[in-house]
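Text of query.pdb (PDB, C-alpha atoms and all ligand atoms) as supplied:
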```
ATOM      1  CA  MET A   1     -40.407  36.287  10.363
ATOM      2  CA  THR A   2     -37.827  33.505  10.427
ATOM      3  CA  SER A   3     -35.012  33.437   7.878
ATOM      4  CA  THR A   4     -34.802  30.400   5.593
ATOM      5  CA  ARG A   5     -31.198  31.144   4.540
ATOM      6  CA  THR A   6     -28.898  28.218   5.160
ATOM      7  CA  GLN A   7     -25.184  28.370   5.872
ATOM      8  CA  PRO A   8     -22.952  27.640   2.852
ATOM      9  CA  ARG A   9     -21.626  24.083   2.804
ATOM     10  CA  ARG A  10     -18.021  23.833   3.908
ATOM     11  CA  LEU A  11     -16.005  21.714   1.484
ATOM     12  CA  GLY A  12     -12.457  20.518   2.046
ATOM     13  CA  ILE A  13     -10.292  19.773  -0.981
ATOM     14  CA  MET A  14      -7.415  17.339  -0.588
ATOM     15  CA  GLY A  15      -5.299  17.421  -3.734
ATOM     16  CA  GLY A  16      -2.502  14.963  -4.320
ATOM     17  CA  THR A  17      -0.813  12.597  -6.702
ATOM     18  CA  PHE A  18      -1.872   9.746  -4.389
ATOM     19  CA  ASP A  19       0.660   7.320  -5.862
ATOM     20  CA  PRO A  20      -0.498   5.555  -3.701
ATOM     21  CA  ILE A  21      -2.889   7.222  -1.239
ATOM     22  CA  HIS A  22      -1.811   6.454   2.357
ATOM     23  CA  HIS A  23      -2.976   7.015   5.924
ATOM     24  CA  GLY A  24      -1.063  10.332   6.134
ATOM     25  CA  HIS A  25      -3.441  11.780   3.513
ATOM     26  CA  LEU A  26      -6.506  10.329   5.230
ATOM     27  CA  VAL A  27      -5.562  11.577   8.701
ATOM     28  CA  ALA A  28      -4.855  15.066   7.315
ATOM     29  CA  ALA A  29      -8.290  15.205   5.656
ATOM     30  CA  SER A  30     -10.077  13.787   8.694
ATOM     31  CA  GLU A  31      -8.392  16.185  11.116
ATOM     32  CA  VAL A  32      -9.087  19.293   9.018
ATOM     33  CA  ALA A  33     -12.682  18.113   8.551
ATOM     34  CA  ALA A  34     -13.129  17.861  12.314
ATOM     35  CA  ARG A  35     -11.391  21.128  13.236
ATOM     36  CA  TYR A  36     -12.978  23.179  10.454
ATOM     37  CA  ASP A  37     -16.418  21.590  10.732
ATOM     38  CA  LEU A  38     -16.377  20.530   7.083
ATOM     39  CA  ASP A  39     -19.428  18.877   5.536
ATOM     40  CA  GLU A  40     -17.343  16.953   3.015
ATOM     41  CA  VAL A  41     -13.755  16.472   1.884
ATOM     42  CA  ILE A  42     -13.232  15.992  -1.838
ATOM     43  CA  PHE A  43     -10.063  14.099  -2.729
ATOM     44  CA  VAL A  44      -8.715  15.264  -6.083
ATOM     45  CA  PRO A  45      -6.051  13.034  -7.665
ATOM     46  CA  THR A  46      -3.799  15.027 -10.000
ATOM     47  CA  GLY A  47      -3.885  14.407 -13.726
ATOM     48  CA  ARG A  48      -0.362  15.452 -14.699
ATOM     49  CA  PRO A  49       1.602  16.710 -11.700
ATOM     50  CA  TRP A  50       4.017  19.026 -13.540
ATOM     51  CA  GLN A  51       6.380  19.415 -10.574
ATOM     52  CA  LYS A  52       6.936  15.631 -10.647
ATOM     53  CA  ALA A  53       7.938  15.719 -14.318
ATOM     54  CA  ASP A  54      11.259  14.070 -13.523
ATOM     55  CA  GLN A  55       9.605  10.895 -12.228
ATOM     56  CA  LEU A  56       7.291   8.224 -13.607
ATOM     57  CA  VAL A  57       3.788   8.572 -12.256
ATOM     58  CA  THR A  58       1.363   5.632 -12.174
ATOM     59  CA  PRO A  59      -1.519   5.897 -14.677
ATOM     60  CA  ALA A  60      -4.235   8.211 -13.402
ATOM     61  CA  GLU A  61      -6.955   5.565 -13.460
ATOM     62  CA  HIS A  62      -5.054   3.422 -10.949
ATOM     63  CA  ARG A  63      -4.433   6.414  -8.654
ATOM     64  CA  TYR A  64      -8.102   7.401  -8.971
ATOM     65  CA  LEU A  65      -9.326   3.869  -8.160
ATOM     66  CA  MET A  66      -7.026   3.576  -5.137
ATOM     67  CA  THR A  67      -8.378   6.910  -3.898
ATOM     68  CA  VAL A  68     -11.969   5.720  -4.314
ATOM     69  CA  VAL A  69     -11.200   2.479  -2.454
ATOM     70  CA  ALA A  70      -9.383   4.325   0.360
ATOM     71  CA  THR A  71     -12.172   6.831   0.963
ATOM     72  CA  ALA A  72     -15.202   4.573   0.432
ATOM     73  CA  SER A  73     -15.841   3.843   4.105
ATOM     74  CA  ASN A  74     -16.121   7.511   5.125
ATOM     75  CA  PRO A  75     -19.505   9.051   4.191
ATOM     76  CA  ARG A  76     -17.950  12.553   4.235
ATOM     77  CA  PHE A  77     -15.137  11.684   1.822
ATOM     78  CA  THR A  78     -15.670  11.812  -1.942
ATOM     79  CA  VAL A  79     -13.377  11.772  -4.979
ATOM     80  CA  SER A  80     -13.392  14.132  -7.943
ATOM     81  CA  ARG A  81     -12.056  13.477 -11.442
ATOM     82  CA  VAL A  82     -11.699  17.168 -12.369
ATOM     83  CA  ASP A  83      -7.908  17.096 -12.534
ATOM     84  CA  ILE A  84      -7.736  13.688 -14.213
ATOM     85  CA  ASP A  85     -10.256  14.609 -16.882
ATOM     86  CA  ARG A  86      -8.703  18.016 -17.686
ATOM     87  CA  ALA A  87      -6.055  17.849 -20.402
ATOM     88  CA  GLY A  88      -2.597  19.244 -19.795
ATOM     89  CA  PRO A  89      -0.607  19.776 -16.613
ATOM     90  CA  THR A  90      -2.506  19.998 -13.338
ATOM     91  CA  TYR A  91      -2.673  23.415 -11.713
ATOM     92  CA  THR A  92      -4.544  23.988  -8.464
ATOM     93  CA  VAL A  93      -5.916  27.276  -9.751
ATOM     94  CA  ASP A  94      -7.838  25.238 -12.378
ATOM     95  CA  THR A  95      -8.948  22.685  -9.762
ATOM     96  CA  LEU A  96     -10.378  25.459  -7.613
ATOM     97  CA  ARG A  97     -12.043  27.246 -10.548
ATOM     98  CA  ASP A  98     -13.712  23.991 -11.632
ATOM     99  CA  LEU A  99     -14.892  23.089  -8.131
ATOM    100  CA  LYS A 100     -16.067  26.659  -7.463
ATOM    101  CA  ARG A 101     -18.224  26.387 -10.583
ATOM    102  CA  GLN A 102     -19.546  22.982  -9.509
ATOM    103  CA  TYR A 103     -20.181  24.006  -5.882
ATOM    104  CA  ALA A 104     -21.016  27.687  -6.330
ATOM    105  CA  GLU A 105     -22.744  28.016  -2.965
ATOM    106  CA  SER A 106     -19.997  26.325  -0.953
ATOM    107  CA  GLU A 107     -16.997  27.631   0.940
ATOM    108  CA  LEU A 108     -13.780  25.855  -0.107
ATOM    109  CA  PHE A 109     -10.844  24.863   2.107
ATOM    110  CA  PHE A 110      -7.728  23.560   0.327
ATOM    111  CA  ILE A 111      -5.688  21.182   2.492
ATOM    112  CA  THR A 112      -1.953  20.962   1.997
ATOM    113  CA  GLY A 113       0.918  19.364   3.885
ATOM    114  CA  ALA A 114       3.921  21.342   5.156
ATOM    115  CA  ASP A 115       6.164  20.218   2.258
ATOM    116  CA  ALA A 116       3.697  21.258  -0.431
ATOM    117  CA  LEU A 117       2.967  24.543   1.368
ATOM    118  CA  ALA A 118       6.689  25.399   1.387
ATOM    119  CA  LYS A 119       6.644  25.304  -2.435
ATOM    120  CA  ILE A 120       3.296  26.988  -2.977
ATOM    121  CA  MET A 121       4.743  30.257  -4.295
ATOM    122  CA  SER A 122       6.033  28.283  -7.313
ATOM    123  CA  TRP A 123       2.520  27.196  -8.265
ATOM    124  CA  LYS A 124       0.787  28.667 -11.312
ATOM    125  CA  ASP A 125      -1.224  31.892 -10.825
ATOM    126  CA  VAL A 126      -0.756  31.667  -7.090
ATOM    127  CA  ASP A 127      -2.241  35.118  -6.469
ATOM    128  CA  GLU A 128      -5.538  34.065  -7.997
ATOM    129  CA  MET A 129      -5.746  30.965  -5.782
ATOM    130  CA  TRP A 130      -6.103  32.841  -2.503
ATOM    131  CA  ASP A 131      -9.512  34.261  -3.502
ATOM    132  CA  LEU A 132     -10.921  30.861  -4.426
ATOM    133  CA  ALA A 133     -10.343  28.969  -1.149
ATOM    134  CA  THR A 134      -9.006  29.183   2.384
ATOM    135  CA  PHE A 135      -5.654  27.358   2.465
ATOM    136  CA  VAL A 136      -4.983  25.144   5.470
ATOM    137  CA  GLY A 137      -1.406  23.928   5.924
ATOM    138  CA  VAL A 138      -0.941  20.851   8.109
ATOM    139  CA  THR A 139       2.079  19.457   9.924
ATOM    140  CA  ARG A 140       4.056  16.592   8.386
ATOM    141  CA  PRO A 141       6.981  14.794  10.057
ATOM    142  CA  GLY A 142      10.323  15.946   8.645
ATOM    143  CA  HIS A 143       8.994  19.242   7.315
ATOM    144  CA  VAL A 144       8.733  22.708   8.819
ATOM    145  CA  LEU A 145       5.225  24.160   8.711
ATOM    146  CA  SER A 146       5.276  27.901   8.076
ATOM    147  CA  ASN A 147       2.962  30.517   6.626
ATOM    148  CA  GLN A 148       5.611  33.216   6.568
ATOM    149  CA  GLY A 149       4.935  35.417   3.556
ATOM    150  CA  LEU A 150       1.650  33.595   2.925
ATOM    151  CA  GLU A 151      -0.982  35.963   4.199
ATOM    152  CA  GLY A 152      -4.265  34.245   5.025
ATOM    153  CA  VAL A 153      -2.881  30.709   4.994
ATOM    154  CA  GLU A 154      -3.986  28.937   8.167
ATOM    155  CA  LEU A 155      -1.915  26.304   9.985
ATOM    156  CA  LEU A 156      -3.016  23.203  11.860
ATOM    157  CA  GLU A 157      -1.105  20.643  13.875
ATOM    158  CA  ILE A 158      -2.325  17.107  13.123
ATOM    159  CA  PRO A 159      -1.346  13.654  14.433
ATOM    160  CA  ALA A 160       2.098  12.822  13.009
ATOM    161  CA  MET A 161       2.078  10.131  10.337
ATOM    162  CA  ALA A 162       5.592   9.467   9.058
ATOM    163  CA  ILE A 163       4.388   7.955   5.788
ATOM    164  CA  SER A 164       5.085   8.997   2.214
ATOM    165  CA  SER A 165       4.000   7.596  -1.123
ATOM    166  CA  THR A 166       7.660   7.425  -2.142
ATOM    167  CA  ASP A 167       8.404   5.173   0.820
ATOM    168  CA  CYS A 168       5.343   2.987   0.089
ATOM    169  CA  ARG A 169       6.457   2.540  -3.542
ATOM    170  CA  GLU A 170       9.985   1.634  -2.459
ATOM    171  CA  ARG A 171       8.705  -0.856   0.097
ATOM    172  CA  VAL A 172       6.594  -2.647  -2.518
ATOM    173  CA  ARG A 173       9.555  -2.702  -4.913
ATOM    174  CA  GLU A 174      11.689  -4.273  -2.183
ATOM    175  CA  GLY A 175       9.024  -6.820  -1.262
ATOM    176  CA  LEU A 176       8.297  -5.217   2.128
ATOM    177  CA  PRO A 177       4.711  -4.897   3.430
ATOM    178  CA  VAL A 178       2.650  -1.727   3.151
ATOM    179  CA  TRP A 179      -0.130  -3.116   5.353
ATOM    180  CA  TYR A 180      -1.281  -0.436   7.842
ATOM    181  CA  LEU A 181       0.557   2.295   5.938
ATOM    182  CA  VAL A 182      -2.165   2.320   3.284
ATOM    183  CA  PRO A 183      -5.794   1.090   3.583
ATOM    184  CA  ASP A 184      -6.317  -2.653   3.090
ATOM    185  CA  GLY A 185      -8.120  -2.184  -0.227
ATOM    186  CA  VAL A 186      -5.152  -0.207  -1.541
ATOM    187  CA  VAL A 187      -2.757  -3.009  -0.552
ATOM    188  CA  GLN A 188      -4.976  -5.352  -2.545
ATOM    189  CA  HIS A 189      -5.220  -3.033  -5.547
ATOM    190  CA  ILE A 190      -1.422  -2.695  -5.637
ATOM    191  CA  ALA A 191      -0.958  -6.471  -5.490
ATOM    192  CA  LYS A 192      -3.700  -7.277  -8.009
ATOM    193  CA  HIS A 193      -2.301  -4.873 -10.621
ATOM    194  CA  HIS A 194       1.385  -5.415  -9.810
ATOM    195  CA  LEU A 195       1.912  -1.705  -9.186
ATOM    196  CA  TYR A 196       5.357  -0.511  -8.065
ATOM    197  CA  SER A 197       7.000  -3.842  -8.844
ATOM    198  CA  SER A 198       9.248  -4.590 -11.796
ATOM    199  CA  GLU A 199       6.221  -5.844 -13.753
ATOM    200  CA  MET A 200       4.464  -3.188 -15.814
ATOM    201  CA  PRO A 201       0.995  -2.161 -14.624
ATOM    202  CA  GLU A 202      -1.678  -3.349 -17.031
ATOM    203  CA  THR A 203      -3.762  -0.748 -18.822
ATOM    204  CA  GLU A 204      -7.513  -0.900 -19.264
ATOM    205  CA  ASP A 205      -8.055   2.584 -20.490
ATOM    206  CA  PRO A 206      -6.780   4.273 -23.637
ATOM    207  CA  LEU A 207      -6.042   7.413 -21.632
ATOM    208  CA  VAL A 208      -3.189   5.749 -19.822
ATOM    209  CA  SER A 209       0.002   4.186 -21.082
ATOM    210  CA  ALA A 210       1.490   0.970 -19.757
ATOM    211  CA  GLU A 211       4.573   2.596 -18.314
ATOM    212  CA  GLY A 212       2.692   5.439 -16.654
ATOM    213  CA  HIS A 213       3.051   8.904 -18.077
ATOM    214  CA  LYS A 214       5.715  11.497 -17.734
ATOM    215  CA  ALA A 215       4.198  14.868 -16.961
ATOM    216  CA  GLU A 216       6.395  16.584 -19.512
ATOM    217  CA  ASP A 217       4.386  19.806 -19.981
ATOM    218  CA  GLN A 218       5.421  22.513 -17.576
ATOM    219  CA  HIS A 219       4.225  26.019 -17.062
ATOM    220  CA  SER A 220       6.827  28.696 -17.491
TER     221      SER A 220
HETATM  222  N1  LIG A 301       2.199  11.973   6.055
HETATM  223  C1  LIG A 301       1.624  13.122   5.720
HETATM  224  N2  LIG A 301       1.198  14.018   6.660
HETATM  225  C2  LIG A 301       0.631  15.194   6.292
HETATM  226  N3  LIG A 301       0.411  15.584   5.009
HETATM  227  C3  LIG A 301       0.796  14.733   4.035
HETATM  228  C4  LIG A 301       1.412  13.469   4.335
HETATM  229  N4  LIG A 301       1.689  12.845   3.167
HETATM  230  C5  LIG A 301       1.289  13.675   2.188
HETATM  231  N5  LIG A 301       0.754  14.807   2.689
HETATM  232  C6  LIG A 301       0.199  15.939   1.919
HETATM  233  O1  LIG A 301      -0.775  15.405   1.038
HETATM  234  C7  LIG A 301      -0.756  16.100  -0.218
HETATM  235  C8  LIG A 301      -0.566  15.119  -1.368
HETATM  236  O2  LIG A 301       0.686  14.484  -1.197
HETATM  237  P1  LIG A 301       1.282  13.431  -2.239
HETATM  238  O3  LIG A 301       0.177  12.717  -2.933
HETATM  239  O4  LIG A 301       2.317  14.086  -3.069
HETATM  240  O5  LIG A 301       1.941  12.378  -1.209
HETATM  241  P2  LIG A 301       3.470  12.183  -0.840
HETATM  242  O6  LIG A 301       3.511  11.136   0.229
HETATM  243  O7  LIG A 301       4.116  13.495  -0.536
HETATM  244  O8  LIG A 301       4.012  11.601  -2.218
HETATM  245  P3  LIG A 301       5.514  11.422  -2.765
HETATM  246  O9  LIG A 301       6.330  10.768  -1.689
HETATM  247  O10 LIG A 301       5.326  10.575  -3.987
HETATM  248  O11 LIG A 301       6.008  12.818  -3.104
HETATM  249  C9  LIG A 301       0.368  17.135  -0.096
HETATM  250  O12 LIG A 301      -0.210  18.370   0.328
HETATM  251  C10 LIG A 301       1.237  16.569   1.001
HETATM  252  O13 LIG A 301       1.971  17.572   1.679
HETATM  253  O1  LIG A 302      -0.845  24.676  -9.221
HETATM  254  C1  LIG A 302       0.331  24.285  -9.293
HETATM  255  O2  LIG A 302       1.155  24.817 -10.059
HETATM  256  C2  LIG A 302       0.751  23.094  -8.438
HETATM  257  C3  LIG A 302       2.072  22.656  -8.394
HETATM  258  C4  LIG A 302       2.392  21.558  -7.604
HETATM  259  C5  LIG A 302       1.418  20.912  -6.852
HETATM  260  N1  LIG A 302       0.133  21.383  -6.921
HETATM  261  C6  LIG A 302      -0.945  20.686  -6.181
HETATM  262  O3  LIG A 302      -0.540  20.343  -4.881
HETATM  263  C7  LIG A 302      -1.174  19.128  -4.484
HETATM  264  C8  LIG A 302      -0.108  18.134  -4.032
HETATM  265  O4  LIG A 302       0.690  17.858  -5.144
HETATM  266  P1  LIG A 302       1.843  16.750  -5.134
HETATM  267  O5  LIG A 302       2.566  16.958  -6.441
HETATM  268  O6  LIG A 302       2.687  17.074  -3.928
HETATM  269  O7  LIG A 302       1.172  15.437  -5.046
HETATM  270  C9  LIG A 302      -1.967  18.639  -5.703
HETATM  271  O8  LIG A 302      -3.311  19.042  -5.556
HETATM  272  C10 LIG A 302      -1.302  19.372  -6.850
HETATM  273  O9  LIG A 302      -2.137  19.587  -7.960
HETATM  274  C11 LIG A 302      -0.206  22.441  -7.674
END
```
Is it possible to give me this structure as structure tokens?
Ligand SMILES: Nc1ncnc2c1ncn2[C@@H]1O[C@H](COP(=O)(O)OP(=O)(O)OP(=O)(O)O)[C@@H](O)[C@H]1O
Ligand SMILES: O=C(O)c1ccc[n+]([C@@H]2O[C@H](COP(=O)([O-])O)[C@@H](O)[C@H]2O)c1
Amino acid sequence: MTSTRTQPRRLGIMGGTFDPIHHGHLVAASEVAARYDLDEVIFVPTGRPWQKADQLVTPAEHRYLMTVVATASNPRFTVSRVDIDRAGPTYTVDTLRDLKRQYAESELFFITGADALAKIMSWKDVDEMWDLATFVGVTRPGHVLSNQGLEGVELLEIPAMAISSTDCRERVREGLPVWYLVPDGVVQHIAKHHLYSSEMPETEDPLVSAEGHKAEDQHS
């Protein structure tokens, strides 16, 4: 008798503020997908990134749209609104609980760069997170990748992309190009909506405010 049981789907989760999404994020997702034989990578833009409470963050709908545009050409990349649609500060433990519920039969792999991994012990309910997904830490220029004290966290060297969202925002503000640092559609979205310049981004959605929101709620 032959078994009809299929292997669980292998889902990558790439969480980020994506303000804006750049080729560093896309290469990280693509490389983990290839090395871990993932069926899909779900990009999850944060709603309210509480550890960035000291900075203005672009309205979520713009960050979501840029993520959709950036991932559209890859059939294995999708975008989830779970963090944007959940009220309150964004915690990865909630992201993983929500996605586990949605994809009950799948195995989850959470992708994180070296800088984010170095701070992971400060995340909310960190001990609960380890049971919900396999964590894969990837190299990032300028940051040391280490899983010391993080049992079970796997490490992967990926092609070095010395790009950050902070640098992209500063370049736009200074009138410098971001072509080839971010996907073409993201360059166009930034220009069309005057993001990162002195002009305020327009708002089309009551959920977002013109000046972006401050993620003032923090977990204690
Ligand atoms: N160039 C890169 N190479 C590898 N990983 C990256 C790179 N840029 C970001 N990441 C990872 O992607 C995830 C989301 O990052 P995020 O959206 O905060 O981008 P960022 O460039 O770090 O933004 P910012 O400069 O605004 O802090 C994090 O896990 C981060 O470590
Ligand atoms: O769960 C937490 O407390 C937590 C704290 C900081 C960052 N994270 C997650 O880490 C990912 C990268 O976040 P960021 O702020 O570096 O863009 C994103 O998915 C965040 O939701 C999660």
Among A:Thr139, A:Ser122, A:Thr67, A:Ser197, ligand LIG 301 (chain A) is approached most closely, using all atoms listed in the file, by A:Thr139
Find the residues with any atom within 10 Å of (-0.5, 7.8, -3.4); use all atoms listed in the file and the coordinates as given in the file, and write the answer as number ranges by chain. A: 16-25, 45, 57-58, 62-64, 66-67, 164-166, 168-169, 182, 186
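You will find atom C10 of ligand LIG 302 (chain A) at 13.2 Å from CA of Ala114 in chain A.
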A:Lys52, A:Arg81, A:Arg97, A:His189: which is nearest ligand LIG 301 (chain A), counting only C-alpha atoms and all ligand atoms? A:Lys52
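Here CA of Lys124 in chain A stands at a distance of 4.1 Å from atom O2 of ligand LIG 302 (chain A).
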Write as an mmCIF file with C-alpha atoms, keeping the file's coordinate frame the residues around ligand LIG 302 (chain A), taking 8 Å as the cut-off and counting all atoms listed in the file.
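The resulting file, part36.cif, is reproduced below:
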```cif
data_model
loop_
_atom_site.group_PDB
_atom_site.id
_atom_site.type_symbol
_atom_site.label_atom_id
_atom_site.label_comp_id
_atom_site.auth_asym_id
_atom_site.auth_seq_id
_atom_site.Cartn_x
_atom_site.Cartn_y
_atom_site.Cartn_z
ATOM 1 C CA MET A 14 -7.415 17.339 -0.588
ATOM 2 C CA GLY A 15 -5.299 17.421 -3.734
ATOM 3 C CA GLY A 16 -2.502 14.963 -4.320
ATOM 4 C CA THR A 17 -0.813 12.597 -6.702
ATOM 5 C CA PHE A 18 -1.872 9.746 -4.389
ATOM 6 C CA VAL A 44 -8.715 15.264 -6.083
ATOM 7 C CA PRO A 45 -6.051 13.034 -7.665
ATOM 8 C CA THR A 46 -3.799 15.027 -10.000
ATOM 9 C CA GLY A 47 -3.885 14.407 -13.726
ATOM 10 C CA PRO A 49 1.602 16.710 -11.700
ATOM 11 C CA TRP A 50 4.017 19.026 -13.540
ATOM 12 C CA GLN A 51 6.380 19.415 -10.574
ATOM 13 C CA LYS A 52 6.936 15.631 -10.647
ATOM 14 C CA ASP A 83 -7.908 17.096 -12.534
ATOM 15 C CA THR A 90 -2.506 19.998 -13.338
ATOM 16 C CA TYR A 91 -2.673 23.415 -11.713
ATOM 17 C CA THR A 92 -4.544 23.988 -8.464
ATOM 18 C CA VAL A 93 -5.916 27.276 -9.751
ATOM 19 C CA ASP A 94 -7.838 25.238 -12.378
ATOM 20 C CA THR A 95 -8.948 22.685 -9.762
ATOM 21 C CA THR A 112 -1.953 20.962 1.997
ATOM 22 C CA ASP A 115 6.164 20.218 2.258
ATOM 23 C CA ALA A 116 3.697 21.258 -0.431
ATOM 24 C CA LYS A 119 6.644 25.304 -2.435
ATOM 25 C CA ILE A 120 3.296 26.988 -2.977
ATOM 26 C CA SER A 122 6.033 28.283 -7.313
ATOM 27 C CA TRP A 123 2.520 27.196 -8.265
ATOM 28 C CA LYS A 124 0.787 28.667 -11.312
ATOM 29 C CA ASP A 125 -1.224 31.892 -10.825
ATOM 30 C CA VAL A 126 -0.756 31.667 -7.090
ATOM 31 C CA HIS A 219 4.225 26.019 -17.062
#
```
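The interatomic distance for the pair CA of Val41 in chain A and CA of Ala53 in chain A works out to 27.1 Å.
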Rank nothing, just name the residue among A:Asp98, A:Glu170, A:Glu31, A:Asp184 nearest to Leu156 in chain A, using all atoms listed in the file. A:Glu31
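For the residues A:Lys192, A:Arg101, A:His143, A:Arg10, ranking by smallest atom-to-atom distance to Ala33 in chain A using only C-alpha atoms places A:Arg10 first.
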Can you tell me which residues surround Lys100 in chain A at a distance of at most 12 Å, considering all atoms listed in the file, apart from same-chain residues fewer than 3 positions away, and format the answer as a list in words? Arg9, Arg10, Leu11, Gly12, Ile13, Val82, Thr92, Val93, Asp94, Thr95, Leu96, Arg97, Tyr103, Ala104, Glu105, Ser106, Glu107, Leu108, Phe109, Phe110, Met129, Asp131, Leu132 and Ala133 of chain A
My list of candidates is A:Asp85, A:Pro141, A:Tyr196, A:Leu181. Which is closest to Ala162 in chain A when distances are computed with all atoms listed in the file? A:Pro141
Find, counting all atoms listed in the file, the residue in A:Arg140, A:Arg76, A:Arg171, A:His194 that gets nearest to ligand LIG 301 (chain A). A:Arg140
